[in-house]
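Here is the structure we will look at.
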Amino acid sequence: MEKGNPLSYLGLRYNLKKGLKWAGWVSLVFISYFIILNLTVLKSNIDFQMGLHEWLNTVLLVGITEEIVFRGFLLRKLMDSYKFWIANTITALLFVSIHFPIWFYKDLFEFSYLLNGITTSFVLGIIFGFIYKKSNSLWSVIIVHSLYNLLVSLFY
């Protein structure tokens, strides 16, 4: 693939320090948002009762696999042909499309939830692409994506 080292191509080998810096700052923003929204505004509780399946699948593996596909490969390939914002928008739309089977499986096809899910997934796709471009490290978006999934699992 691309006649090069796949770890370098995906952005997993270089810019680790810069990627961790970006991941740290964005993680602080997401954690603050979830705490303020859920604990103070919505008065919801944190549910720490997550099984091994949810830890491995939802938190760890999904962040890794989706980011390798969407930011590490698709966004990079699209940026060969398009400007960043066009490539990022296409990638974000594809990122939304991969979530439809999950919403269907969980029977979440009511209009308000679907509209919220589409909007959230699209905005996250744009944010993840922006972080990837700025940090030039796939580790940053893997960490942020996994943290976001963890926060969703804890609060919803």
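Within each chain, counting starts at residue 1; across the structure tokens, chains are named A, B, ... in the order shown, with ligands numbered 1 upward in that order.
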
- Task: Please provide the set of residues having any atom within 7 Å of Gly129 in chain A, restricted to only C-alpha atoms, with same-chain residues fewer than 4 positions apart removed, written as a PyMOL selection string.
- Result: chain A and resi 71+88+125+133

- Item | helix (DSSP H, G or I) per DSSP on the backbone: members of range 4-149 of chain A, as a PyMOL selection string | chain A and resi 6-10+16-41+52-81+84-105+111-135+138-149

- Item | Near-Ile131 in chain A list (9 Å; only C-alpha atoms; drop same-chain fewer than 2 positions) as a PyMOL selection string | chain A and resi 19+22-23+26+126-129+133-138+140-141

For the selection just defined, write its residues with N, CA and C atoms to a file, as a tab-separated table (two decimals), in the first residue's frame.
chain	number	residue	atom	x	y	z
A	19	GLY	N	0.91	15.12	18.72
A	19	GLY	CA	-0.39	14.45	18.77
A	19	GLY	C	-0.92	14.33	20.18
A	22	TRP	N	-2.19	17.78	21.36
A	22	TRP	CA	-3.53	18.05	20.83
A	22	TRP	C	-4.58	17.20	21.52
A	23	ALA	N	-4.27	15.91	21.70
A	23	ALA	CA	-5.21	15.01	22.37
A	23	ALA	C	-5.51	15.49	23.79
A	26	VAL	N	-7.81	18.82	23.61
A	26	VAL	CA	-9.17	18.51	23.14
A	26	VAL	C	-9.88	17.63	24.16
A	126	ILE	N	-15.77	16.27	11.49
A	126	ILE	CA	-15.06	17.49	11.11
A	126	ILE	C	-13.97	17.82	12.14
A	127	ILE	N	-14.31	17.73	13.42
A	127	ILE	CA	-13.35	18.02	14.48
A	127	ILE	C	-12.18	17.05	14.43
A	128	PHE	N	-12.47	15.75	14.29
A	128	PHE	CA	-11.40	14.75	14.25
A	128	PHE	C	-10.47	15.00	13.06
A	129	GLY	N	-11.04	15.35	11.91
A	129	GLY	CA	-10.23	15.64	10.73
A	129	GLY	C	-9.35	16.86	10.95
A	133	LYS	N	-5.28	16.98	10.94
A	133	LYS	CA	-4.51	17.87	10.07
A	133	LYS	C	-3.54	18.72	10.89
A	134	LYS	N	-4.00	19.25	12.00
A	134	LYS	CA	-3.16	20.14	12.80
A	134	LYS	C	-2.04	19.39	13.52
A	135	SER	N	-2.32	18.19	14.00
A	135	SER	CA	-1.31	17.44	14.76
A	135	SER	C	-0.44	16.57	13.86
A	136	ASN	N	-0.96	16.23	12.68
A	136	ASN	CA	-0.28	15.30	11.77
A	136	ASN	C	0.06	13.98	12.46
A	137	SER	N	-0.81	13.60	13.39
A	137	SER	CA	-0.63	12.35	14.14
A	137	SER	C	-1.98	11.68	14.31
A	138	LEU	N	-2.06	10.43	13.92
A	138	LEU	CA	-3.30	9.69	14.09
A	138	LEU	C	-3.56	9.38	15.56
A	140	SER	N	-3.51	11.33	18.04
A	140	SER	CA	-4.35	12.37	18.65
A	140	SER	C	-5.82	12.06	18.47
A	141	VAL	N	-6.23	11.72	17.26
A	141	VAL	CA	-7.66	11.46	17.03
A	141	VAL	C	-8.09	10.11	17.58

- Task: Quote the spacing between CA of Phe70 in chain A and CA of Leu93 in chain A in Å to one decimal place.
- Result: 10.3 Å

- Query: So which residues touch Phe30 in chain A within 12 Å, counting only C-alpha atoms, skipping near sequence neighbours fewer than 4 positions away, as a list in words?
  - Reply: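 These residues fall inside the cut-off: Ala23, Gly24, Trp25, Val26, Phe34, Ile35, Ile36, Leu37, Asn38, Leu124, Ile127, Ile143, Val144, His145, Ser146, Leu147, Tyr148, Asn149, Leu150, Leu151 and Val152 of chain A.
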
Suppose we keep N, CA, C and O atoms; can you now write the selection as a PDB file, in the first residue's frame?
ATOM      1  N   ALA A  23      -4.267  15.913  21.702  1.00  0.00           N
ATOM      2  CA  ALA A  23      -5.214  15.007  22.372  1.00  0.00           C
ATOM      3  C   ALA A  23      -5.510  15.490  23.786  1.00  0.00           C
ATOM      4  O   ALA A  23      -6.657  15.445  24.239  1.00  0.00           O
ATOM      5  N   GLY A  24      -4.496  15.961  24.483  1.00  0.00           N
ATOM      6  CA  GLY A  24      -4.687  16.448  25.848  1.00  0.00           C
ATOM      7  C   GLY A  24      -5.608  17.650  25.922  1.00  0.00           C
ATOM      8  O   GLY A  24      -6.544  17.686  26.722  1.00  0.00           O
ATOM      9  N   TRP A  25      -5.369  18.638  25.064  1.00  0.00           N
ATOM     10  CA  TRP A  25      -6.194  19.844  25.089  1.00  0.00           C
ATOM     11  C   TRP A  25      -7.636  19.570  24.672  1.00  0.00           C
ATOM     12  O   TRP A  25      -8.577  20.041  25.311  1.00  0.00           O
ATOM     13  N   VAL A  26      -7.806  18.815  23.606  1.00  0.00           N
ATOM     14  CA  VAL A  26      -9.168  18.512  23.140  1.00  0.00           C
ATOM     15  C   VAL A  26      -9.882  17.626  24.156  1.00  0.00           C
ATOM     16  O   VAL A  26     -11.082  17.792  24.408  1.00  0.00           O
ATOM     17  N   PHE A  34     -18.769  17.499  28.971  1.00  0.00           N
ATOM     18  CA  PHE A  34     -19.612  16.424  29.484  1.00  0.00           C
ATOM     19  C   PHE A  34     -19.938  16.622  30.958  1.00  0.00           C
ATOM     20  O   PHE A  34     -21.067  16.390  31.378  1.00  0.00           O
ATOM     21  N   ILE A  35     -18.976  17.056  31.740  1.00  0.00           N
ATOM     22  CA  ILE A  35     -19.219  17.270  33.172  1.00  0.00           C
ATOM     23  C   ILE A  35     -20.184  18.424  33.388  1.00  0.00           C
ATOM     24  O   ILE A  35     -21.161  18.295  34.136  1.00  0.00           O
ATOM     25  N   ILE A  36     -19.943  19.544  32.725  1.00  0.00           N
ATOM     26  CA  ILE A  36     -20.832  20.701  32.892  1.00  0.00           C
ATOM     27  C   ILE A  36     -22.237  20.374  32.415  1.00  0.00           C
ATOM     28  O   ILE A  36     -23.217  20.626  33.123  1.00  0.00           O
ATOM     29  N   LEU A  37     -22.353  19.802  31.223  1.00  0.00           N
ATOM     30  CA  LEU A  37     -23.673  19.502  30.678  1.00  0.00           C
ATOM     31  C   LEU A  37     -24.418  18.477  31.517  1.00  0.00           C
ATOM     32  O   LEU A  37     -25.570  18.682  31.908  1.00  0.00           O
ATOM     33  N   ASN A  38     -23.770  17.353  31.820  1.00  0.00           N
ATOM     34  CA  ASN A  38     -24.485  16.247  32.450  1.00  0.00           C
ATOM     35  C   ASN A  38     -24.628  16.365  33.959  1.00  0.00           C
ATOM     36  O   ASN A  38     -25.663  15.999  34.509  1.00  0.00           O
ATOM     37  N   LEU A 124     -18.366  15.771  14.891  1.00  0.00           N
ATOM     38  CA  LEU A 124     -17.194  15.046  15.407  1.00  0.00           C
ATOM     39  C   LEU A 124     -16.252  14.663  14.277  1.00  0.00           C
ATOM     40  O   LEU A 124     -15.027  14.763  14.422  1.00  0.00           O
ATOM     41  N   ILE A 127     -14.314  17.726  13.416  1.00  0.00           N
ATOM     42  CA  ILE A 127     -13.347  18.021  14.479  1.00  0.00           C
ATOM     43  C   ILE A 127     -12.179  17.046  14.434  1.00  0.00           C
ATOM     44  O   ILE A 127     -11.012  17.460  14.507  1.00  0.00           O
ATOM     45  N   ILE A 143      -7.009   8.851  20.412  1.00  0.00           N
ATOM     46  CA  ILE A 143      -7.215   9.118  21.838  1.00  0.00           C
ATOM     47  C   ILE A 143      -8.492   9.915  22.066  1.00  0.00           C
ATOM     48  O   ILE A 143      -9.315   9.575  22.924  1.00  0.00           O
ATOM     49  N   VAL A 144      -8.690  10.970  21.291  1.00  0.00           N
ATOM     50  CA  VAL A 144      -9.876  11.816  21.461  1.00  0.00           C
ATOM     51  C   VAL A 144     -11.148  11.033  21.145  1.00  0.00           C
ATOM     52  O   VAL A 144     -12.147  11.122  21.869  1.00  0.00           O
ATOM     53  N   HIS A 145     -11.142  10.250  20.084  1.00  0.00           N
ATOM     54  CA  HIS A 145     -12.309   9.447  19.713  1.00  0.00           C
ATOM     55  C   HIS A 145     -12.631   8.431  20.809  1.00  0.00           C
ATOM     56  O   HIS A 145     -13.785   8.280  21.212  1.00  0.00           O
ATOM     57  N   SER A 146     -11.607   7.751  21.301  1.00  0.00           N
ATOM     58  CA  SER A 146     -11.821   6.762  22.367  1.00  0.00           C
ATOM     59  C   SER A 146     -12.333   7.427  23.637  1.00  0.00           C
ATOM     60  O   SER A 146     -13.230   6.904  24.310  1.00  0.00           O
ATOM     61  N   LEU A 147     -11.783   8.583  23.974  1.00  0.00           N
ATOM     62  CA  LEU A 147     -12.251   9.311  25.152  1.00  0.00           C
ATOM     63  C   LEU A 147     -13.706   9.741  24.974  1.00  0.00           C
ATOM     64  O   LEU A 147     -14.512   9.616  25.898  1.00  0.00           O
ATOM     65  N   TYR A 148     -14.057  10.238  23.799  1.00  0.00           N
ATOM     66  CA  TYR A 148     -15.439  10.644  23.536  1.00  0.00           C
ATOM     67  C   TYR A 148     -16.380   9.450  23.725  1.00  0.00           C
ATOM     68  O   TYR A 148     -17.417   9.576  24.377  1.00  0.00           O
ATOM     69  N   ASN A 149     -16.008   8.296  23.174  1.00  0.00           N
ATOM     70  CA  ASN A 149     -16.845   7.099  23.335  1.00  0.00           C
ATOM     71  C   ASN A 149     -16.954   6.694  24.803  1.00  0.00           C
ATOM     72  O   ASN A 149     -18.012   6.253  25.253  1.00  0.00           O
ATOM     73  N   LEU A 150     -15.865   6.823  25.551  1.00  0.00           N
ATOM     74  CA  LEU A 150     -15.896   6.526  26.982  1.00  0.00           C
ATOM     75  C   LEU A 150     -16.860   7.461  27.700  1.00  0.00           C
ATOM     76  O   LEU A 150     -17.683   7.018  28.514  1.00  0.00           O
ATOM     77  N   LEU A 151     -16.788   8.756  27.403  1.00  0.00           N
ATOM     78  CA  LEU A 151     -17.689   9.714  28.050  1.00  0.00           C
ATOM     79  C   LEU A 151     -19.142   9.437  27.718  1.00  0.00           C
ATOM     80  O   LEU A 151     -20.011   9.518  28.598  1.00  0.00           O
ATOM     81  N   VAL A 152     -19.426   9.100  26.472  1.00  0.00           N
ATOM     82  CA  VAL A 152     -20.800   8.752  26.089  1.00  0.00           C
ATOM     83  C   VAL A 152     -21.259   7.508  26.857  1.00  0.00           C
ATOM     84  O   VAL A 152     -22.382   7.456  27.369  1.00  0.00           O
TER      85      VAL A 152
END

- Item | Contacts of Ile98 in chain A at 10 Å (only C-alpha atoms; same-chain gap of 4+ positions) as a list of chain:residue names |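 The residues that qualify are A:Glu66, A:Leu93, A:Leu94, A:Ile102, A:Trp103, A:Ser121.
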
- Task: Could you please determine the separation between CA of Val123 in chain A and CA of Phe95 in chain A in Å, to one decimal place?
- Result: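 Separating CA of Val123 in chain A from CA of Phe95 in chain A is a distance of 10.0 Å.
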
- Query: CA of Val69 in chain A and CA of Leu114 in chain A are how many Å apart?
  - Reply: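 CA of Leu114 in chain A lies at a distance of 23.3 Å from CA of Val69 in chain A.
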